[in-house]
$ cat data29.cif   # mmCIF, C-alpha atoms
data_model
loop_
_atom_site.label_atom_id
_atom_site.label_comp_id
_atom_site.auth_asym_id
_atom_site.auth_seq_id
_atom_site.Cartn_x
_atom_site.Cartn_y
_atom_site.Cartn_z
CA MET A 1 -17.89 -54.52 -17.48
CA GLU A 2 -15.23 -53.01 -19.70
CA ILE A 3 -13.15 -52.21 -16.65
CA SER A 4 -13.35 -55.79 -15.29
CA ASN A 5 -12.23 -57.19 -18.64
CA LYS A 6 -9.11 -55.06 -18.58
CA ILE A 7 -8.22 -55.91 -14.99
CA ILE A 8 -6.51 -59.21 -14.24
CA GLU A 9 -7.06 -60.35 -10.67
CA PRO A 10 -3.80 -61.14 -8.86
CA GLU A 11 -3.25 -64.86 -8.35
CA PHE A 12 -3.10 -64.35 -4.56
CA PHE A 13 -6.69 -63.02 -4.50
CA THR A 14 -7.88 -65.99 -6.65
CA VAL A 15 -6.19 -68.56 -4.42
CA PHE A 16 -7.45 -66.90 -1.24
CA LYS A 17 -11.01 -66.76 -2.51
CA GLN A 18 -10.88 -70.41 -3.63
CA TRP A 19 -9.49 -71.41 -0.23
CA LEU A 20 -12.45 -69.78 1.51
CA ILE A 21 -14.83 -71.77 -0.67
CA ASP A 22 -13.06 -75.16 -0.50
CA SER A 23 -11.74 -75.18 3.05
CA LEU A 24 -14.25 -73.06 4.99
CA ASN A 25 -17.29 -73.95 2.90
CA PHE A 26 -18.19 -70.30 2.11
CA THR A 27 -20.35 -69.61 -0.89
CA GLN A 28 -18.96 -67.75 -3.88
CA LEU A 29 -20.73 -64.54 -2.85
CA GLN A 30 -19.58 -64.82 0.78
CA ALA A 31 -16.00 -65.38 -0.31
CA ILE A 32 -16.15 -62.31 -2.53
CA TYR A 33 -17.42 -60.08 0.33
CA ILE A 34 -14.89 -61.47 2.82
CA LYS A 35 -12.13 -60.83 0.30
CA LEU A 36 -13.50 -57.30 -0.24
CA ILE A 37 -13.51 -56.53 3.51
CA LEU A 38 -9.97 -57.79 3.93
CA SER A 39 -8.84 -55.89 0.83
CA VAL A 40 -10.37 -52.66 2.15
CA ILE A 41 -8.66 -53.21 5.51
CA VAL A 42 -5.33 -53.74 3.74
CA LEU A 43 -5.98 -50.62 1.61
CA ILE A 44 -6.67 -48.54 4.73
CA ILE A 45 -3.55 -49.87 6.43
CA LEU A 46 -1.42 -49.07 3.38
CA SER A 47 -2.96 -45.56 3.12
CA VAL A 48 -2.31 -44.87 6.81
CA GLY A 49 1.19 -46.26 6.37
CA ALA A 50 1.83 -44.00 3.39
CA ASN A 51 0.55 -41.04 5.36
CA TYR A 52 2.82 -41.96 8.31
CA VAL A 53 5.85 -42.35 6.05
CA ALA A 54 5.15 -39.03 4.31
CA LYS A 55 4.48 -37.05 7.50
CA GLY A 56 6.21 -38.92 10.27
CA ILE A 57 9.44 -39.82 8.52
CA ILE A 58 10.02 -37.88 5.29
CA LEU A 59 8.56 -34.59 6.59
CA THR A 60 10.44 -34.91 9.91
CA ILE A 61 13.75 -35.50 8.11
CA LEU A 62 13.01 -32.65 5.70
CA ARG A 63 12.20 -30.33 8.60
CA LYS A 64 15.57 -31.05 10.23
CA ILE A 65 17.42 -30.45 6.96
CA ILE A 66 15.62 -27.15 6.38
CA ARG A 67 16.32 -25.86 9.88
CA LYS A 68 20.02 -26.52 9.41
CA SER A 69 20.15 -24.76 6.05
CA LYS A 70 21.13 -21.09 5.80
CA THR A 71 18.60 -20.17 3.11
CA LEU A 72 15.40 -18.38 4.07
CA TRP A 73 13.00 -19.49 1.37
CA ASP A 74 12.81 -23.13 2.50
CA ASP A 75 12.03 -22.03 6.08
CA ILE A 76 9.16 -19.92 4.75
CA LEU A 77 7.84 -22.84 2.69
CA LEU A 78 7.93 -24.96 5.84
CA GLU A 79 6.25 -22.23 7.91
CA PHE A 80 3.35 -21.97 5.46
CA LYS A 81 2.93 -25.81 5.49
CA VAL A 82 3.65 -26.32 1.80
CA PHE A 83 5.49 -29.60 2.47
CA HIS A 84 2.90 -30.63 5.06
CA ASN A 85 0.11 -30.21 2.50
CA LEU A 86 2.12 -32.16 -0.09
CA SER A 87 2.21 -35.12 2.27
CA HIS A 88 -1.59 -35.49 1.92
CA ILE A 89 -1.08 -36.71 -1.64
CA ALA A 90 0.56 -40.00 -0.53
CA PRO A 91 -2.54 -41.80 0.84
CA ALA A 92 -4.63 -40.61 -2.11
CA LEU A 93 -2.15 -42.08 -4.56
CA VAL A 94 -2.26 -45.41 -2.71
CA ILE A 95 -6.06 -45.52 -2.93
CA TYR A 96 -5.99 -44.49 -6.59
CA CYS A 97 -3.44 -47.15 -7.58
CA LEU A 98 -4.96 -50.04 -5.57
CA ALA A 99 -8.65 -49.26 -6.07
CA GLU A 100 -9.02 -51.48 -9.13
CA PHE A 101 -7.49 -54.48 -7.34
CA THR A 102 -9.45 -53.87 -4.14
CA PHE A 103 -12.80 -53.64 -5.91
CA ILE A 104 -12.06 -56.02 -8.79
CA ASP A 105 -15.25 -57.95 -8.09
CA PHE A 106 -17.27 -54.72 -8.05
CA PRO A 107 -16.14 -52.89 -11.18
CA ALA A 108 -19.00 -50.40 -10.94
CA TRP A 109 -17.49 -49.06 -7.72
CA ILE A 110 -14.08 -48.32 -9.20
CA LYS A 111 -15.10 -45.30 -11.23
CA PRO A 112 -16.87 -43.44 -8.35
CA ILE A 113 -13.99 -44.21 -5.98
CA ARG A 114 -11.45 -42.97 -8.46
CA ALA A 115 -13.62 -39.92 -9.12
CA GLY A 116 -13.65 -39.23 -5.38
CA THR A 117 -9.86 -39.64 -5.37
CA TYR A 118 -9.58 -37.18 -8.26
CA ILE A 119 -11.69 -34.64 -6.36
CA TYR A 120 -9.61 -35.14 -3.22
CA LEU A 121 -6.39 -34.63 -5.20
CA ILE A 122 -7.80 -31.47 -6.80
CA VAL A 123 -8.77 -30.07 -3.39
CA ILE A 124 -5.33 -30.93 -2.01
CA GLY A 125 -3.75 -29.37 -5.10
CA ILE A 126 -5.70 -26.15 -4.49
CA VAL A 127 -4.63 -26.08 -0.84
CA ILE A 128 -1.00 -26.69 -1.83
CA LEU A 129 -1.02 -23.91 -4.43
CA LEU A 130 -2.70 -21.43 -2.06
CA SER A 131 -0.14 -22.12 0.66
CA PHE A 132 2.66 -21.93 -1.93
CA PHE A 133 1.44 -18.53 -3.17
CA LYS A 134 1.36 -17.24 0.42
CA ALA A 135 4.92 -18.46 0.87
CA VAL A 136 6.00 -16.77 -2.37
CA ASN A 137 4.52 -13.49 -1.12
CA ALA A 138 6.35 -13.87 2.20
CA ILE A 139 9.63 -14.67 0.40
CA TYR A 140 9.16 -11.61 -1.81
CA GLN A 141 8.46 -9.40 1.20
CA SER A 142 11.77 -10.49 2.73
CA ILE A 143 13.57 -8.87 -0.23
CA PRO A 144 14.44 -5.16 0.35
CA SER A 145 13.14 -4.16 -3.09
CA SER A 146 9.66 -5.44 -2.16
CA LYS A 147 9.07 -2.18 -0.26
CA ASN A 148 8.77 -0.39 -3.58
CA ARG A 149 6.12 -2.68 -5.05
CA SER A 150 3.63 -5.13 -3.57
CA ILE A 151 2.64 -8.40 -5.29
CA LYS A 152 -0.19 -9.23 -2.91
CA GLY A 153 -2.79 -8.20 -5.50
CA TYR A 154 -1.30 -10.59 -8.06
CA ILE A 155 -1.18 -13.38 -5.48
CA GLN A 156 -4.88 -12.84 -4.77
CA ILE A 157 -5.62 -12.98 -8.51
CA LEU A 158 -3.78 -16.30 -8.76
CA ASN A 159 -5.72 -17.60 -5.76
CA VAL A 160 -9.03 -16.75 -7.41
CA PHE A 161 -7.88 -18.31 -10.70
CA VAL A 162 -6.76 -21.55 -9.01
CA VAL A 163 -10.04 -21.88 -7.07
CA ILE A 164 -12.11 -21.28 -10.22
CA VAL A 165 -10.13 -23.79 -12.28
CA GLY A 166 -10.30 -26.33 -9.44
CA GLY A 167 -14.06 -25.80 -9.11
CA ILE A 168 -14.57 -26.36 -12.85
CA LEU A 169 -12.51 -29.58 -12.75
CA ILE A 170 -14.50 -30.88 -9.77
CA ILE A 171 -17.81 -30.12 -11.52
CA SER A 172 -16.57 -31.85 -14.69
CA ILE A 173 -15.72 -34.98 -12.66
CA LEU A 174 -19.04 -35.02 -10.82
CA PHE A 175 -21.07 -34.68 -14.01
CA GLY A 176 -18.71 -36.62 -16.27
CA LYS A 177 -18.33 -33.74 -18.71
CA ASN A 178 -15.37 -32.20 -20.49
CA PRO A 179 -14.13 -29.08 -18.61
CA THR A 180 -14.22 -26.98 -21.80
CA THR A 181 -17.85 -28.00 -22.37
CA ILE A 182 -18.76 -26.95 -18.84
CA LEU A 183 -16.88 -23.67 -19.25
CA ALA A 184 -18.75 -22.93 -22.49
CA GLY A 185 -22.07 -23.72 -20.81
CA LEU A 186 -21.32 -21.38 -17.92
CA GLY A 187 -21.45 -18.25 -20.08
CA VAL A 188 -24.50 -16.76 -18.38
CA PHE A 189 -23.22 -17.83 -14.98
CA ILE A 190 -19.88 -16.17 -15.70
CA MET A 191 -21.68 -12.94 -16.64
CA ALA A 192 -23.50 -13.09 -13.32
CA LEU A 193 -20.21 -13.70 -11.54
CA MET A 194 -18.72 -10.68 -13.30
CA PHE A 195 -21.56 -8.56 -11.95
CA VAL A 196 -21.23 -10.01 -8.44
CA PHE A 197 -17.46 -9.63 -8.45
CA LYS A 198 -17.48 -6.24 -10.14
CA ASP A 199 -15.38 -4.68 -7.39
CA THR A 200 -12.86 -7.51 -7.63
CA LEU A 201 -12.50 -7.05 -11.39
CA LEU A 202 -12.22 -3.28 -11.01
CA GLY A 203 -9.67 -3.84 -8.26
CA LEU A 204 -7.74 -6.14 -10.58
CA ALA A 205 -7.64 -3.53 -13.33
CA GLY A 206 -6.82 -0.78 -10.84
CA GLY A 207 -4.07 -2.83 -9.20
CA ILE A 208 -2.44 -3.49 -12.57
CA GLN A 209 -2.49 0.24 -13.41
CA LEU A 210 -1.14 1.20 -9.99
CA ALA A 211 1.71 -1.29 -10.30
CA ALA A 212 2.49 -0.52 -13.94
CA ASN A 213 2.63 3.25 -13.35
CA ASP A 214 4.22 2.94 -9.89
CA MET A 215 1.54 5.24 -8.48
CA VAL A 216 1.58 3.97 -4.90
CA ARG A 217 3.68 1.62 -2.81
CA PRO A 218 3.42 0.21 0.71
CA GLY A 219 4.94 2.78 3.06
CA ASP A 220 3.95 5.78 0.92
CA TRP A 221 2.28 8.73 2.57
CA ILE A 222 -0.88 9.47 0.59
CA GLU A 223 -3.60 12.04 1.08
CA MET A 224 -7.11 11.47 -0.29
CA SER A 225 -9.57 13.89 1.27
CA ALA A 226 -12.56 12.42 -0.59
CA ARG A 227 -11.99 9.14 1.30
CA ASN A 228 -10.84 10.70 4.61
CA ALA A 229 -7.41 9.17 4.13
CA ASP A 230 -4.22 10.92 5.17
CA GLY A 231 -1.43 8.62 6.28
CA ILE A 232 0.82 5.68 5.47
CA VAL A 233 -0.17 2.87 3.08
CA LEU A 234 -0.04 -0.37 5.06
CA GLU A 235 -1.22 -2.88 2.50
CA ILE A 236 -2.19 -2.98 -1.18
CA GLY A 237 -4.67 -5.78 -1.86
CA LEU A 238 -6.76 -6.92 -4.79
CA ASN A 239 -9.91 -5.16 -3.58
CA THR A 240 -8.74 -2.63 -1.01
CA ILE A 241 -5.83 -0.50 0.12
CA LYS A 242 -5.34 0.04 3.86
CA VAL A 243 -4.12 3.45 5.03
CA GLN A 244 -3.16 4.21 8.62
CA ASN A 245 -4.05 7.83 9.26
CA TRP A 246 -2.03 10.06 11.55
CA ASP A 247 -4.61 9.56 14.31
CA ASN A 248 -3.91 5.78 13.97
CA ALA A 249 -7.35 5.15 12.47
CA ILE A 250 -7.38 2.72 9.54
CA THR A 251 -9.05 3.87 6.32
CA THR A 252 -9.90 1.26 3.69
CA ILE A 253 -10.00 2.52 0.09
CA PRO A 254 -11.13 0.51 -2.95
CA THR A 255 -8.12 -0.17 -5.14
CA TYR A 256 -9.80 1.17 -8.26
CA ALA A 257 -10.59 4.47 -6.47
CA LEU A 258 -6.90 5.43 -6.64
CA VAL A 259 -7.14 5.20 -10.42
CA SER A 260 -10.55 6.82 -10.94
CA GLU A 261 -10.14 9.56 -8.30
CA SER A 262 -7.37 12.01 -7.51
CA PHE A 263 -5.04 11.57 -4.55
CA LYS A 264 -1.76 13.06 -3.39
CA ASN A 265 1.33 10.90 -2.91
CA TRP A 266 4.03 12.49 -0.77
CA ARG A 267 6.69 9.98 -1.82
CA GLY A 268 8.54 12.63 -3.84
CA MET A 269 8.82 14.78 -0.73
CA GLN A 270 10.07 11.82 1.30
CA GLU A 271 12.64 10.86 -1.32
CA SER A 272 13.86 14.44 -1.75
CA GLY A 273 14.93 14.60 1.88
CA ALA A 274 13.03 17.84 2.47
CA ARG A 275 9.50 19.05 3.18
CA ARG A 276 7.89 22.18 1.80
CA ILE A 277 6.93 25.22 3.85
CA CYS A 278 4.47 27.33 1.90
CA ARG A 279 2.64 29.93 3.95
CA ALA A 280 1.88 33.64 3.66
CA ILE A 281 1.43 36.48 6.12
CA TYR A 282 -0.83 39.40 5.22
CA ILE A 283 0.52 42.94 5.54
CA ASP A 284 -1.82 45.88 5.97
CA ILE A 285 -1.31 47.86 2.76
CA LYS A 286 -1.89 51.16 4.59
CA SER A 287 1.30 50.55 6.61
CA ILE A 288 3.54 50.25 3.52
CA LYS A 289 5.68 53.38 2.89
CA PHE A 290 9.04 54.75 1.85
CA CYS A 291 11.78 54.51 4.42
CA THR A 292 12.71 57.70 6.28
CA CYS A 293 16.28 58.52 7.37
CA GLU A 294 15.41 57.47 10.90
CA MET A 295 14.06 54.14 9.68
CA LEU A 296 17.16 53.50 7.56
CA GLU A 297 19.46 54.23 10.48
CA LYS A 298 17.45 51.77 12.55
CA PHE A 299 17.62 49.12 9.84
CA LYS A 300 21.41 49.49 9.61
CA LYS A 301 21.59 48.23 13.18
CA ILE A 302 19.78 45.00 12.29
CA HIS A 303 22.60 42.50 11.93
CA LEU A 304 21.09 40.32 9.19
CA ILE A 305 20.47 43.19 6.76
CA SER A 306 22.96 45.88 7.79
CA ASN A 307 25.25 45.18 4.81
CA TYR A 308 22.30 44.97 2.45
CA ILE A 309 20.95 48.35 3.59
CA GLU A 310 24.27 50.10 3.10
CA GLU A 311 24.83 48.54 -0.34
CA LYS A 312 21.30 49.31 -1.45
CA LEU A 313 21.50 52.94 -0.31
CA GLU A 314 24.77 53.37 -2.20
CA GLU A 315 23.22 51.83 -5.32
CA ILE A 316 20.13 54.08 -5.09
CA LYS A 317 22.23 57.19 -4.45
CA LYS A 318 24.39 56.44 -7.47
CA TYR A 319 21.38 55.81 -9.70
CA ASN A 320 19.57 58.99 -8.67
CA LYS A 321 22.73 61.03 -9.15
CA GLU A 322 23.38 59.62 -12.62
CA HIS A 323 19.81 60.38 -13.69
CA ASP A 324 19.69 63.78 -12.01
CA ILE A 325 16.67 62.89 -9.88
CA ASP A 326 14.90 65.57 -7.86
CA ALA A 327 14.78 63.83 -4.48
CA SER A 328 12.48 66.45 -2.98
CA ILE A 329 9.54 64.72 -4.67
CA ALA A 330 8.86 61.29 -3.17
CA ALA A 331 7.65 59.83 -6.46
CA ASN A 332 10.91 60.66 -8.21
CA GLY A 333 13.79 58.25 -8.46
CA ARG A 334 14.42 55.16 -6.47
CA LYS A 335 13.83 54.79 -2.73
CA MET A 336 13.76 51.99 -0.23
CA THR A 337 10.45 50.81 1.27
CA ASN A 338 9.79 49.20 4.59
CA ILE A 339 8.12 46.22 2.90
CA GLY A 340 11.22 45.68 0.74
CA ALA A 341 13.50 45.85 3.77
CA PHE A 342 11.27 43.42 5.63
CA ARG A 343 11.25 40.98 2.69
CA LYS A 344 15.06 41.02 2.55
CA TYR A 345 15.21 40.54 6.32
CA THR A 346 12.93 37.49 6.03
CA GLU A 347 15.17 36.03 3.30
CA ALA A 348 18.29 36.61 5.39
CA TYR A 349 16.63 35.10 8.47
CA LEU A 350 15.72 31.95 6.54
CA GLN A 351 19.17 31.75 4.93
CA ASN A 352 20.68 31.66 8.40
CA ASN A 353 18.29 28.96 9.62
CA PRO A 354 20.23 25.61 9.58
CA ASN A 355 16.98 23.63 9.20
CA ILE A 356 16.12 25.22 5.84
CA SER A 357 17.45 23.65 2.63
CA LYS A 358 19.41 26.02 0.38
CA ASP A 359 19.56 23.54 -2.52
CA LEU A 360 15.82 23.46 -3.26
CA ILE A 361 13.40 26.26 -4.15
CA PHE A 362 13.97 29.23 -1.85
CA VAL A 363 11.62 32.18 -2.41
CA VAL A 364 10.15 34.99 -0.33
CA ARG A 365 7.72 36.80 -2.62
CA GLN A 366 4.76 39.13 -2.76
CA LEU A 367 1.51 37.78 -4.12
CA GLU A 368 -1.33 39.72 -5.66
CA PRO A 369 -2.90 42.13 -3.13
CA THR A 370 -6.25 41.01 -1.79
CA ALA A 371 -9.01 42.44 0.36
CA ASN A 372 -7.09 41.04 3.32
CA GLY A 373 -3.92 42.95 2.52
CA LEU A 374 -0.65 42.16 0.73
CA PRO A 375 0.36 38.46 1.01
CA LEU A 376 4.05 37.93 1.66
CA GLN A 377 4.63 34.26 0.92
CA ILE A 378 7.43 32.09 2.22
CA TYR A 379 8.18 29.18 -0.11
CA VAL A 380 11.09 27.10 1.21
CA PHE A 381 11.91 23.52 2.18
CA SER A 382 12.68 22.15 5.60
CA LYS A 383 15.44 19.56 5.92
CA ILE A 384 13.39 17.83 8.60
CA GLN A 385 10.45 15.70 7.41
CA ALA A 386 9.16 14.21 10.65
CA PHE A 387 5.74 15.68 11.41
CA LYS A 388 6.37 16.95 14.94
CA GLN A 389 9.81 18.42 14.28
CA PHE A 390 8.66 19.93 10.98
CA GLU A 391 5.75 21.70 12.64
CA GLU A 392 8.03 22.99 15.38
CA ILE A 393 10.47 24.43 12.83
CA GLN A 394 7.64 26.03 10.84
CA SER A 395 6.07 27.49 14.00
CA ASP A 396 9.41 28.90 15.21
CA ILE A 397 9.93 30.66 11.88
CA PHE A 398 6.55 32.34 11.86
CA ASP A 399 6.70 33.10 15.57
CA HIS A 400 9.74 35.21 14.85
CA ILE A 401 8.55 36.76 11.59
CA LEU A 402 5.14 37.77 12.96
CA THR A 403 6.80 39.31 16.01
CA VAL A 404 9.39 41.30 14.04
CA VAL A 405 6.90 42.90 11.61
CA PRO A 406 6.33 46.05 13.78
CA GLU A 407 10.10 46.71 13.78
CA PHE A 408 9.71 47.70 10.12
CA GLU A 409 6.72 49.95 10.93
CA LEU A 410 4.40 47.48 9.20
CA ARG A 411 1.12 46.09 10.46
CA LEU A 412 -0.36 42.66 10.01
CA PHE A 413 -3.85 42.58 8.58
CA GLN A 414 -6.59 41.19 10.80
CA ASN A 415 -10.32 41.47 10.48
CA PRO A 416 -11.88 43.77 13.10
CA THR A 417 -13.00 42.12 16.33
CA GLY A 418 -15.52 43.18 18.95
CA GLU A 419 -12.73 44.82 20.94
CA ASP A 420 -11.81 46.98 17.91
CA PHE A 421 -15.38 48.21 17.59
CA GLN A 422 -15.51 49.01 21.30
CA LYS A 423 -12.35 51.09 21.02
CA LEU A 424 -13.77 52.89 18.00
CA GLU A 425 -16.98 53.71 19.88
CA LYS A 426 -15.01 55.04 22.87
CA HIS A 427 -12.83 57.16 20.58
CA THR A 428 -15.91 58.57 18.86
CA GLU A 429 -17.55 59.41 22.20
CA VAL A 430 -14.37 61.18 23.40
CA ARG A 431 -14.26 63.28 20.24
CA LYS A 432 -17.93 64.25 20.63
CA PHE A 433 -17.33 65.22 24.25
#
$ encode --input "data29.cif" --output "structure tokens"
Amino acid sequence: MEISNKIIEPEFFTVFKQWLIDSLNFTQLQAIYIKLILSVIVLIILSVGANYVAKGIILTILRKIIRKSKTLWDDILLEFKVFHNLSHIAPALVIYCLAEFTFIDFPAWIKPIRAGTYIYLIVIGIVILLSFFKAVNAIYQSIPSSKNRSIKGYIQILNVFVVIVGGILIISILFGKNPTTILAGLGVFIMALMFVFKDTLLGLAGGIQLAANDMVRPGDWIEMSARNADGIVLEIGLNTIKVQNWDNAITTIPTYALVSESFKNWRGMQESGARRICRAIYIDIKSIKFCTCEMLEKFKKIHLISNYIEEKLEEIKKYNKEHDIDASIAANGRKMTNIGAFRKYTEAYLQNNPNISKDLIFVVRQLEPTANGLPLQIYVFSKIQAFKQFEEIQSDIFDHILTVVPEFELRLFQNPTGEDFQKLEKHTEVRKF
């Protein structure tokens, strides 16, 4: 009744209703219902008209203007139907503004109708914001710097926040309660939601840490053996990260797993412009020895180390002479070894390889001897990063090195095979015979 007291019926409605009673002999109640039906019809016509104006005229003109513009962001907003969704507000506003005049004789109906209009506007508002956030993400992805950091996780967080706030507002309208009161009364429910959406909350925290510390970006090559992931990061979301493995399989990893578990990011290698080669060959220790005169003469003919051999021999000769070394004893003084000559040959071979970087770490070294022999490790960087070409370069290097080992009277270590045991048995039988 309070609403009807505040609303003044337009004079046109009063005259029309009185005309129905006086001229057409309708009762007061019949006149009211006829006026209501006509008012609802007019309201529907005006709502449809507002919708037509918003979509058919304004949106069409706006679409033509946007297509002629040179900016990209407005095209993206149009593509994601942000303006289209905005047009849905027009008919709702018409109903909201004219509801009190349409249902002036039924004041009890005004509040539910307006409540329904509120709910409709909230739903439309949610749809508009969700489409706008998608457009913002698309606009951001069109910027070159977006390759270094994804905002999709933050967009998803905003989506969840908007839906929750919209849901609370709708509930408050339906039950006629203050939103803060409803939020306070949903404490237990919120705790349950936190348990249900545990992964989402963990993903939120993980995504923030990943972004803040710049741990991973779309396009990075990551390796996470615990999750069977070894490939390129396609997408970083609120809950999951998609990785396309080298066999083209897609691995999905929880976002928080990249914070709680260890993984390898090869971005540094990609940005350095080189890729590491770190591999060892195992030399049979029993084949290592001092170089004889015949061996040294042979090594002098090897182009890559001929100068080194001559310089080293002169240095050793000078040292032994200065210290009066008795060269008749092998343990006295300094002498060249076949393993040392082979190591220098390997260095020279790699130095002359145009695919090996000379600006990064470049080491050919001996590691601690093991039961499998003496490891001679090659630690260098290839200028080529592409998987296939890199493997070809690495294979070519070791093809050559493994083949040239016998030239230095060295042997590669290899565990005995059945053929070795057969040869040993035959040799033993020959000796017995």
$ resolve_selection --input "data29.cif" --expression "the PyMOL selection byres ((chain A and resi 128-143) around 7)" --output "list in words"
Trp73, Ile76, Leu77, Phe80, Lys81, Val82, Asn85, Leu86, Ile124, Gly125, Ile126, Val127, Pro144, Ser145, Ser146, Ile151, Lys152, Ile155 and Asn159 of chain A
$ residues_around --input "data29.cif" --residues "segment 290-292 of chain A" --least-positions-apart "3" --cutoff "8 Å" --atoms "only C-alpha atoms" --output "ChimeraX atom specification"
/A:295-296,335-338
$ write_last_selection --input "data29.cif" --atoms "C-alpha atoms" --output "tab-separated table (two decimals), keeping the file's coordinate frame"
chain	number	residue	atom	x	y	z
A	295	MET	CA	14.06	54.14	9.68
A	296	LEU	CA	17.16	53.50	7.56
A	335	LYS	CA	13.83	54.79	-2.73
A	336	MET	CA	13.76	51.99	-0.23
A	337	THR	CA	10.45	50.81	1.27
A	338	ASN	CA	9.79	49.20	4.59
$ residues_near_point --input "data29.cif" --point "(-14.4, -30.8, -12.2)" --cutoff "12 Å" --atoms "all atoms listed in the file" --output "list of chain:residue names"
A:Ala115, A:Gly116, A:Tyr118, A:Ile119, A:Tyr120, A:Leu121, A:Ile122, A:Val123, A:Val163, A:Ile164, A:Val165, A:Gly166, A:Gly167, A:Ile168, A:Leu169, A:Ile170, A:Ile171, A:Ser172, A:Ile173, A:Leu174, A:Phe175, A:Gly176, A:Lys177, A:Asn178, A:Pro179, A:Thr180, A:Thr181, A:Ile182, A:Leu183
$ residues_around --input "data29.cif" --residues "segment 396-400 of chain A" --least-positions-apart "3" --cutoff "12 Å" --atoms "all atoms listed in the file" --output "MDAnalysis selection string"
chainID A and resid 277:281 345:347 349:356 376:378 380 382 389:393 403:407
$ write_last_selection --input "data29.cif" --atoms "C-alpha atoms" --output "tab-separated table (two decimals), keeping the file's coordinate frame"
chain	number	residue	atom	x	y	z
A	277	ILE	CA	6.93	25.22	3.85
A	278	CYS	CA	4.47	27.33	1.90
A	279	ARG	CA	2.64	29.93	3.95
A	280	ALA	CA	1.88	33.64	3.66
A	281	ILE	CA	1.43	36.48	6.12
A	345	TYR	CA	15.21	40.54	6.32
A	346	THR	CA	12.93	37.49	6.03
A	347	GLU	CA	15.17	36.03	3.30
A	349	TYR	CA	16.63	35.10	8.47
A	350	LEU	CA	15.72	31.95	6.54
A	351	GLN	CA	19.17	31.75	4.93
A	352	ASN	CA	20.68	31.66	8.40
A	353	ASN	CA	18.29	28.96	9.62
A	354	PRO	CA	20.23	25.61	9.58
A	355	ASN	CA	16.98	23.63	9.20
A	356	ILE	CA	16.12	25.22	5.84
A	376	LEU	CA	4.05	37.93	1.66
A	377	GLN	CA	4.63	34.26	0.92
A	378	ILE	CA	7.43	32.09	2.22
A	380	VAL	CA	11.09	27.10	1.21
A	382	SER	CA	12.68	22.15	5.60
A	389	GLN	CA	9.81	18.42	14.28
A	390	PHE	CA	8.66	19.93	10.98
A	391	GLU	CA	5.75	21.70	12.64
A	392	GLU	CA	8.03	22.99	15.38
A	393	ILE	CA	10.47	24.43	12.83
A	403	THR	CA	6.80	39.31	16.01
A	404	VAL	CA	9.39	41.30	14.04
A	405	VAL	CA	6.90	42.90	11.61
A	406	PRO	CA	6.33	46.05	13.78
A	407	GLU	CA	10.10	46.71	13.78
$ closest_atom_pairs --input "data29.cif" --of "segment 67-97 of chain A" --to "segment 28-52 of chain A" --cutoff "7 Å" --atoms "all atoms listed in the file" --output "CSV"
residue,atom,partner,partner_atom,distance
A:Ser87,CA,A:Asn51,CA,6.9
A:His88,CA,A:Asn51,CA,6.9
A:Ala90,CA,A:Ala50,CA,5.7
A:Pro91,CA,A:Ser47,CA,4.4
A:Val94,CA,A:Ser47,CA,5.9
A:Ile95,CA,A:Ser47,CA,6.8
$ atom_distance --input "data29.cif" --atom1 "atom CA of Thr251 of chain A" --atom2 "atom CA of Glu223 of chain A"
11.1 Å
$ atom_distance --input "data29.cif" --atom1 "atom CA of Lys242 of chain A" --atom2 "atom CA of Gly219 of chain A"
10.7 Å
$ atom_distance --input "data29.cif" --atom1 "atom CA of Lys344 of chain A" --atom2 "atom CA of Gln394 of chain A"
18.7 Å
$ closest_residue --input "data29.cif" --among "A:Ile316, A:Arg275, A:Thr255, A:Glu294" --to "Ser357 of chain A" --atoms "all atoms listed in the file"
A:Arg275
$ resolve_selection --input "data29.cif" --expression "the PyMOL selection byres ((chain A and resi 299) around 10)" --output "compact mmCIF listing (two decimals) with C-alpha atoms, in the coordinates of the input"
# COMPACT_ATOMS: atom_id res chain seq x y z
CA CYS A 291 11.78 54.51 4.42
CA CYS A 293 16.28 58.52 7.37
CA GLU A 294 15.41 57.47 10.90
CA MET A 295 14.06 54.14 9.68
CA LEU A 296 17.16 53.50 7.56
CA GLU A 297 19.46 54.23 10.48
CA LYS A 298 17.45 51.77 12.55
CA LYS A 300 21.41 49.49 9.61
CA LYS A 301 21.59 48.23 13.18
CA ILE A 302 19.78 45.00 12.29
CA HIS A 303 22.60 42.50 11.93
CA LEU A 304 21.09 40.32 9.19
CA ILE A 305 20.47 43.19 6.76
CA SER A 306 22.96 45.88 7.79
CA ASN A 307 25.25 45.18 4.81
CA TYR A 308 22.30 44.97 2.45
CA ILE A 309 20.95 48.35 3.59
CA GLU A 310 24.27 50.10 3.10
CA ASN A 338 9.79 49.20 4.59
CA ALA A 341 13.50 45.85 3.77
CA PHE A 342 11.27 43.42 5.63
CA TYR A 345 15.21 40.54 6.32
CA GLU A 407 10.10 46.71 13.78
CA PHE A 408 9.71 47.70 10.12
